[in-house]
Amino acid sequence: MEAEATESGAGTDGREAPGGARGARGRVLAVLIPSTGGLLFGYGTGGIAGVLPLIGEQYGLSAWTQGVVVSAALLGAALTAPVSGRFTDRFGRRPVIAAAAAAFAVGTAVSATAGGPAALVLGRFLVGLALGAISFAVPLYIAEIAPPARRGALVTLNQLMITIGLLLAYAVSYALQSDGAWRLMLAAGLAPALVLLVGMAGVPESPSWLESAGHRARARAAAAALGLPPAPEQPAVVGPQSGGPQGGGPQVGGPQGGGRPGGGRRGGGAGFREALAEAGPRRVALGLGIAVLVHLTGLNTAIYYAPTILAASGLTPSGGVLGAVLVGVCNVAATVVTIALLDRRGRRPLMLGGLAAMAAAAAGIAATQWSGGHAGTTALLLCGFIVAGAVGPAPVFWVFAAEIYPRRARGALMSLATAAHWAADFVVAATFLPLVKALSLGGAFALYGAVTLAAALGLARWMPETKGISLDDTRAEPVRV
């Protein structure tokens, strides 16, 4: 294996060898192109923020109906996520990302040409089906091709692209709002979809997936193209190791010569039952818990409804969209800072610090609204709330979810966590406007702040640090929980 690593242009520790410059360039391309999925995701979820006031007025939509329009995409994402793991384990990471880009393009076309609310909801639902697969497959692919020392920064590049997509959605909405051109706002999402669809044809498949699927020659070639050492070959082990699922996990056959891993499955991933047994209940519960808590804080709701929130605080509709643009700028800047911090400071400090700052900002928004609702103060606090989320929960979840599970269980359990993630987002987004109607805007943010504080306290007790672990060695427990 050491000789192979040297030939591939990378050292055995995952760092590039002297001849690995070409592989490093290949890895940059292989990260940037899939990260366009983040741009797609950001535009697909944020674009509705500027559209909502226009279609609400045009079609006379109630608060509940507006919530359905926003959350239809999230429902689609929640439905796709549970099967994304099976698809990526069976067919590979790259084909799933490309297929999702094509599905996004179809859904965007349906949305932009919708003749009424029902067709718009259908188009948004189709977009959501694509987003569920993209939100799962892109971070997984990037995590598997990234060296451990740079994994946090590279996976967070996808999060940066999401924030840029959100900012672009807000900017396009502001530019077109005076004309009421909500169809053009939605249609602009076709551009990143086509870039992602065409671009995925030029990047290699994940060497980790190729190795687990038994394609060793292709795995070595992909690793060489990316400047990475080949994934380690794993010995066959019959029966569980000492310690059971929590003490390293049962080793259900790595890729062995001549046979297919995983009991004849085409890919090397475990089914849900095997994955649950291999990872153990505590890791499964932790991954699901963080997946849900990220949205129970109200973070994405603040993003989806930013113009509506600011307009309700006293700004004009166009002022609300402009305020959302400024919030988007803050979001991008905070994510750039996160890329620099995530691999230096670790996952745990950023998660806990981000949650604490979000709780404080939510409390500030509640107090401001209860004291009269000054628009400028609300805008600043909303910006702080979203920035804190961009530094903590939003990027950390995707990196952390890729690191806490064993390799064979990763696809199935990440898809399960992603499904829970978007199911929670669907519920919170669909109920936001009715919640504001029942409790007031201040009451809604007081509730989000209380949930966020509780999440910070709980994760301070249960969340381990995962910085720098290896994702390739199936013989070792990725992280002790």
# chains A, B, ... in the order shown; residues from 1 in each chain; ligands from 1
>>> residues_around(residues="Pro82 (chain A)", least_positions_apart="4", cutoff="9 Å", atoms="only C-alpha atoms", output="MDAnalysis selection string")
chainID A and resid 78 86 132 412:420
>>> write_last_selection(atoms="all heavy atoms", output="CSV table (one decimal), in the first residue's frame")
chain,number,residue,atom,x,y,z
A,78,ALA,N,-37.3,16.1,2.5
A,78,ALA,CA,-37.4,15.1,3.5
A,78,ALA,C,-37.8,13.8,3.0
A,78,ALA,O,-37.4,12.7,3.6
A,78,ALA,CB,-38.5,15.6,4.5
A,86,ARG,N,-29.2,5.0,0.0
A,86,ARG,CA,-29.2,3.7,-0.7
A,86,ARG,C,-28.7,4.0,-2.2
A,86,ARG,O,-28.0,3.2,-2.8
A,86,ARG,CB,-30.6,3.2,-0.7
A,86,ARG,CG,-31.0,2.6,0.6
A,86,ARG,CD,-32.4,1.9,0.5
A,86,ARG,NE,-32.7,1.3,1.8
A,86,ARG,CZ,-32.4,0.1,2.2
A,86,ARG,NH1,-31.7,-0.6,1.4
A,86,ARG,NH2,-32.8,-0.3,3.4
A,132,GLY,N,-33.1,17.4,-1.6
A,132,GLY,CA,-32.8,16.4,-0.5
A,132,GLY,C,-31.6,15.6,-0.9
A,132,GLY,O,-30.8,15.3,0.0
A,412,ALA,N,-26.2,5.1,4.8
A,412,ALA,CA,-27.5,4.9,5.3
A,412,ALA,C,-27.9,5.9,6.4
A,412,ALA,O,-28.9,6.5,6.5
A,412,ALA,CB,-27.7,3.5,5.8
A,413,LEU,N,-26.9,6.1,7.4
A,413,LEU,CA,-27.2,6.9,8.5
A,413,LEU,C,-27.2,8.4,8.2
A,413,LEU,O,-27.9,9.2,8.8
A,413,LEU,CB,-26.3,6.6,9.7
A,413,LEU,CG,-26.4,5.2,10.2
A,413,LEU,CD1,-25.5,4.9,11.4
A,413,LEU,CD2,-27.9,4.9,10.6
A,414,MET,N,-26.3,8.8,7.3
A,414,MET,CA,-26.4,10.2,6.9
A,414,MET,C,-27.7,10.5,6.1
A,414,MET,O,-28.2,11.6,6.3
A,414,MET,CB,-25.2,10.6,6.0
A,414,MET,CG,-23.9,11.0,6.8
A,414,MET,SD,-22.7,11.8,5.7
A,414,MET,CE,-23.5,13.3,5.3
A,415,SER,N,-28.2,9.6,5.4
A,415,SER,CA,-29.4,9.8,4.7
A,415,SER,C,-30.6,9.9,5.7
A,415,SER,O,-31.5,10.7,5.6
A,415,SER,CB,-29.7,8.8,3.6
A,415,SER,OG,-30.0,7.5,4.3
A,416,LEU,N,-30.5,9.1,6.7
A,416,LEU,CA,-31.5,9.1,7.8
A,416,LEU,C,-31.5,10.5,8.5
A,416,LEU,O,-32.5,11.1,8.8
A,416,LEU,CB,-31.3,8.0,8.8
A,416,LEU,CG,-32.3,7.8,9.9
A,416,LEU,CD1,-33.7,7.5,9.3
A,416,LEU,CD2,-31.9,6.7,10.9
A,417,ALA,N,-30.3,10.9,8.9
A,417,ALA,CA,-30.1,12.2,9.5
A,417,ALA,C,-30.6,13.4,8.6
A,417,ALA,O,-31.2,14.3,9.1
A,417,ALA,CB,-28.7,12.5,10.0
A,418,THR,N,-30.3,13.3,7.3
A,418,THR,CA,-30.7,14.3,6.4
A,418,THR,C,-32.2,14.3,6.3
A,418,THR,O,-32.8,15.4,6.2
A,418,THR,CB,-30.1,14.1,5.0
A,418,THR,OG1,-28.7,14.0,5.1
A,418,THR,CG2,-30.4,15.2,4.0
A,419,ALA,N,-32.9,13.2,6.3
A,419,ALA,CA,-34.3,13.1,6.2
A,419,ALA,C,-34.9,13.8,7.5
A,419,ALA,O,-35.9,14.6,7.4
A,419,ALA,CB,-34.8,11.7,6.2
A,420,ALA,N,-34.4,13.5,8.6
A,420,ALA,CA,-34.9,14.2,9.9
A,420,ALA,C,-34.6,15.7,9.8
A,420,ALA,O,-35.5,16.5,10.3
A,420,ALA,CB,-34.2,13.5,11.1
>>> closest_atom_pairs(of="region 130-221 of chain A", to="region 317-320 of chain A", cutoff="9 Å", atoms="only C-alpha atoms", output="Markdown table")
| residue | atom | partner | partner_atom | distance |
| --- | --- | --- | --- | --- |
| A:Tyr174 | CA | A:Ser318 | CA | 6.9 |
| A:Gln177 | CA | A:Ser318 | CA | 7.3 |
| A:Ser178 | CA | A:Ser318 | CA | 7.9 |
>>> residues_around(residues="Pro393 (chain A)", least_positions_apart="5", cutoff="9 Å", atoms="only C-alpha atoms", output="list in words")
Ile290, Leu293, Val294, Leu299, Leu350, Met351, Leu352, Gly354, Leu355, Ala388 and Trp398 of chain A
>>> residues_around(residues="region 365-373 of chain A", least_positions_apart="3", cutoff="9 Å", atoms="only C-alpha atoms", output="NGL selection string")
:A and (312-314 or 360-362 or 376-379 or 381-382 or 440-446 or 449)
>>> write_last_selection(atoms="all heavy atoms", output="short mmCIF file (atom, residue, chain, number, x, y, z; two decimals), in the first residue's frame")
data_model
loop_
_atom_site.label_atom_id
_atom_site.label_comp_id
_atom_site.auth_asym_id
_atom_site.auth_seq_id
_atom_site.Cartn_x
_atom_site.Cartn_y
_atom_site.Cartn_z
N ALA A 312 -42.65 43.14 8.47
CA ALA A 312 -43.54 43.14 9.64
C ALA A 312 -42.99 44.03 10.75
O ALA A 312 -43.73 44.45 11.64
CB ALA A 312 -43.71 41.71 10.16
N SER A 313 -41.68 44.32 10.70
CA SER A 313 -41.06 45.17 11.73
C SER A 313 -41.13 46.64 11.39
O SER A 313 -40.65 47.48 12.15
CB SER A 313 -39.60 44.76 11.92
OG SER A 313 -39.50 43.42 12.32
N GLY A 314 -41.70 46.98 10.21
CA GLY A 314 -41.89 48.38 9.87
C GLY A 314 -41.29 48.81 8.56
O GLY A 314 -41.51 49.95 8.12
N ALA A 360 -29.09 34.40 22.25
CA ALA A 360 -29.05 35.79 22.69
C ALA A 360 -29.71 36.71 21.66
O ALA A 360 -30.47 37.62 22.01
CB ALA A 360 -27.60 36.21 22.93
N ALA A 361 -29.43 36.48 20.36
CA ALA A 361 -30.02 37.31 19.31
C ALA A 361 -31.53 37.12 19.25
O ALA A 361 -32.29 38.09 19.07
CB ALA A 361 -29.39 36.97 17.96
N ALA A 362 -32.00 35.87 19.39
CA ALA A 362 -33.45 35.62 19.38
C ALA A 362 -34.13 36.33 20.55
O ALA A 362 -35.22 36.90 20.39
CB ALA A 362 -33.71 34.11 19.45
N GLY A 376 -34.85 48.94 12.42
CA GLY A 376 -33.40 48.88 12.30
C GLY A 376 -32.78 47.92 13.30
O GLY A 376 -31.88 47.14 12.96
N THR A 377 -33.24 47.99 14.54
CA THR A 377 -32.72 47.09 15.57
C THR A 377 -33.05 45.63 15.24
O THR A 377 -32.21 44.74 15.40
CB THR A 377 -33.30 47.46 16.94
OG1 THR A 377 -33.00 48.82 17.23
CG2 THR A 377 -32.71 46.57 18.04
N THR A 378 -34.27 45.40 14.78
CA THR A 378 -34.66 44.03 14.41
C THR A 378 -33.79 43.51 13.28
O THR A 378 -33.36 42.34 13.29
CB THR A 378 -36.13 44.00 13.98
OG1 THR A 378 -36.96 44.42 15.07
CG2 THR A 378 -36.55 42.60 13.56
N ALA A 379 -33.49 44.36 12.29
CA ALA A 379 -32.65 43.94 11.17
C ALA A 379 -31.25 43.56 11.64
O ALA A 379 -30.69 42.54 11.21
CB ALA A 379 -32.57 45.06 10.13
N LEU A 381 -30.36 42.55 14.70
CA LEU A 381 -30.43 41.33 15.50
C LEU A 381 -30.69 40.11 14.62
O LEU A 381 -30.15 39.02 14.88
CB LEU A 381 -31.52 41.47 16.55
CG LEU A 381 -31.21 42.44 17.70
CD1 LEU A 381 -32.46 42.71 18.53
CD2 LEU A 381 -30.10 41.88 18.59
N LEU A 382 -31.52 40.29 13.59
CA LEU A 382 -31.77 39.18 12.67
C LEU A 382 -30.48 38.80 11.94
O LEU A 382 -30.18 37.62 11.75
CB LEU A 382 -32.85 39.56 11.66
CG LEU A 382 -33.30 38.45 10.72
CD1 LEU A 382 -34.02 37.35 11.49
CD2 LEU A 382 -34.22 39.00 9.63
N SER A 440 -47.36 36.36 18.06
CA SER A 440 -46.68 37.57 17.63
C SER A 440 -45.26 37.21 17.21
O SER A 440 -44.73 36.15 17.56
CB SER A 440 -46.65 38.67 18.71
OG SER A 440 -45.66 38.38 19.69
N LEU A 441 -44.62 38.13 16.46
CA LEU A 441 -43.26 37.89 16.01
C LEU A 441 -42.31 37.76 17.20
O LEU A 441 -41.42 36.89 17.22
CB LEU A 441 -42.80 39.04 15.10
CG LEU A 441 -41.43 38.91 14.45
CD1 LEU A 441 -41.37 37.66 13.57
CD2 LEU A 441 -41.09 40.15 13.63
N GLY A 442 -42.51 38.59 18.21
CA GLY A 442 -41.67 38.50 19.41
C GLY A 442 -41.85 37.18 20.13
O GLY A 442 -40.88 36.57 20.59
N GLY A 443 -43.08 36.70 20.23
CA GLY A 443 -43.33 35.43 20.89
C GLY A 443 -42.70 34.26 20.15
O GLY A 443 -42.17 33.32 20.76
N ALA A 444 -42.75 34.31 18.81
CA ALA A 444 -42.15 33.22 18.02
C ALA A 444 -40.64 33.16 18.26
O ALA A 444 -40.07 32.08 18.46
CB ALA A 444 -42.45 33.45 16.54
N PHE A 445 -39.97 34.31 18.26
CA PHE A 445 -38.52 34.30 18.48
C PHE A 445 -38.17 34.01 19.93
O PHE A 445 -37.09 33.46 20.20
CB PHE A 445 -37.89 35.61 17.99
CG PHE A 445 -37.53 35.56 16.54
CD1 PHE A 445 -38.42 36.01 15.57
CD2 PHE A 445 -36.31 35.06 16.14
CE1 PHE A 445 -38.09 35.95 14.23
CE2 PHE A 445 -35.97 34.99 14.79
CZ PHE A 445 -36.87 35.43 13.83
N ALA A 446 -39.03 34.33 20.85
CA ALA A 446 -38.78 33.93 22.24
C ALA A 446 -38.79 32.40 22.34
O ALA A 446 -37.95 31.81 23.04
CB ALA A 446 -39.84 34.53 23.16
N GLY A 449 -35.62 31.08 20.75
CA GLY A 449 -34.49 31.32 21.64
C GLY A 449 -34.42 30.32 22.77
O GLY A 449 -33.33 29.84 23.14
#
>>> residues_around(residues="Ala193 (chain A)", least_positions_apart="3", cutoff="6 Å", atoms="only C-alpha atoms", output="JSON, numbers by chain")
{"A": [101, 105, 190, 196]}
>>> residues_around(residues="Val427 (chain A)", least_positions_apart="6", cutoff="9 Å", atoms="only C-alpha atoms", output="ChimeraX atom specification")
/A:71,74-75
>>> write_last_selection(atoms="all heavy atoms", output="mmCIF file, in the first residue's frame")
data_model
loop_
_atom_site.group_PDB
_atom_site.id
_atom_site.type_symbol
_atom_site.label_atom_id
_atom_site.label_comp_id
_atom_site.auth_asym_id
_atom_site.auth_seq_id
_atom_site.Cartn_x
_atom_site.Cartn_y
_atom_site.Cartn_z
ATOM 1 N N SER A 71 -42.811 25.558 2.221
ATOM 2 C CA SER A 71 -42.375 24.283 2.777
ATOM 3 C C SER A 71 -42.534 23.104 1.827
ATOM 4 O O SER A 71 -42.073 22.005 2.132
ATOM 5 C CB SER A 71 -43.143 23.990 4.071
ATOM 6 O OG SER A 71 -44.538 23.966 3.843
ATOM 7 N N LEU A 74 -39.297 21.688 1.088
ATOM 8 C CA LEU A 74 -38.717 21.016 2.249
ATOM 9 C C LEU A 74 -39.331 19.634 2.449
ATOM 10 O O LEU A 74 -38.642 18.695 2.857
ATOM 11 C CB LEU A 74 -38.915 21.874 3.496
ATOM 12 C CG LEU A 74 -38.431 23.325 3.348
ATOM 13 C CD1 LEU A 74 -38.745 24.120 4.615
ATOM 14 C CD2 LEU A 74 -36.948 23.366 3.038
ATOM 15 N N LEU A 75 -40.616 19.508 2.146
ATOM 16 C CA LEU A 75 -41.256 18.193 2.205
ATOM 17 C C LEU A 75 -40.626 17.258 1.174
ATOM 18 O O LEU A 75 -40.334 16.092 1.469
ATOM 19 C CB LEU A 75 -42.759 18.330 1.959
ATOM 20 C CG LEU A 75 -43.551 17.013 1.928
ATOM 21 C CD1 LEU A 75 -43.438 16.282 3.254
ATOM 22 C CD2 LEU A 75 -45.011 17.280 1.570
#
>>> residues_around(residues="region 115-127 of chain A", least_positions_apart="2", cutoff="10 Å", atoms="only C-alpha atoms", output="JSON, numbers by chain")
{"A": [41, 44, 45, 48, 55, 56, 58, 59, 61, 65, 66, 68, 69, 70, 71, 72, 73, 74, 75, 76, 77, 79, 100, 101, 102, 103, 104, 105, 106, 107, 108, 109, 110, 111, 112, 113, 129, 130, 131, 132, 186]}
>>> select_by_dssp(residues="region 160-219 of chain A", states="helix (DSSP H, G or I)", output="number ranges by chain")
A: 160-177, 182-187, 190-202, 207-212, 216-219
>>> closest_residue(among="A:Ala30, A:Val391, A:Ala133, A:Leu276", to="Leu341 (chain A)", atoms="only C-alpha atoms")
A:Val391
>>> closest_residue(among="A:Pro229, A:Gly389, A:Gly42, A:Gly323", to="Leu296 (chain A)", atoms="only C-alpha atoms")
A:Gly389
>>> closest_residue(among="A:Val195, A:Ala460, A:Ile404, A:Leu29", to="Ala279 (chain A)", atoms="only C-alpha atoms")
A:Ile404
>>> closest_residue(among="A:Ala357, A:Met463, A:Ala402, A:Met161", to="Ala333 (chain A)", atoms="only C-alpha atoms")
A:Met161
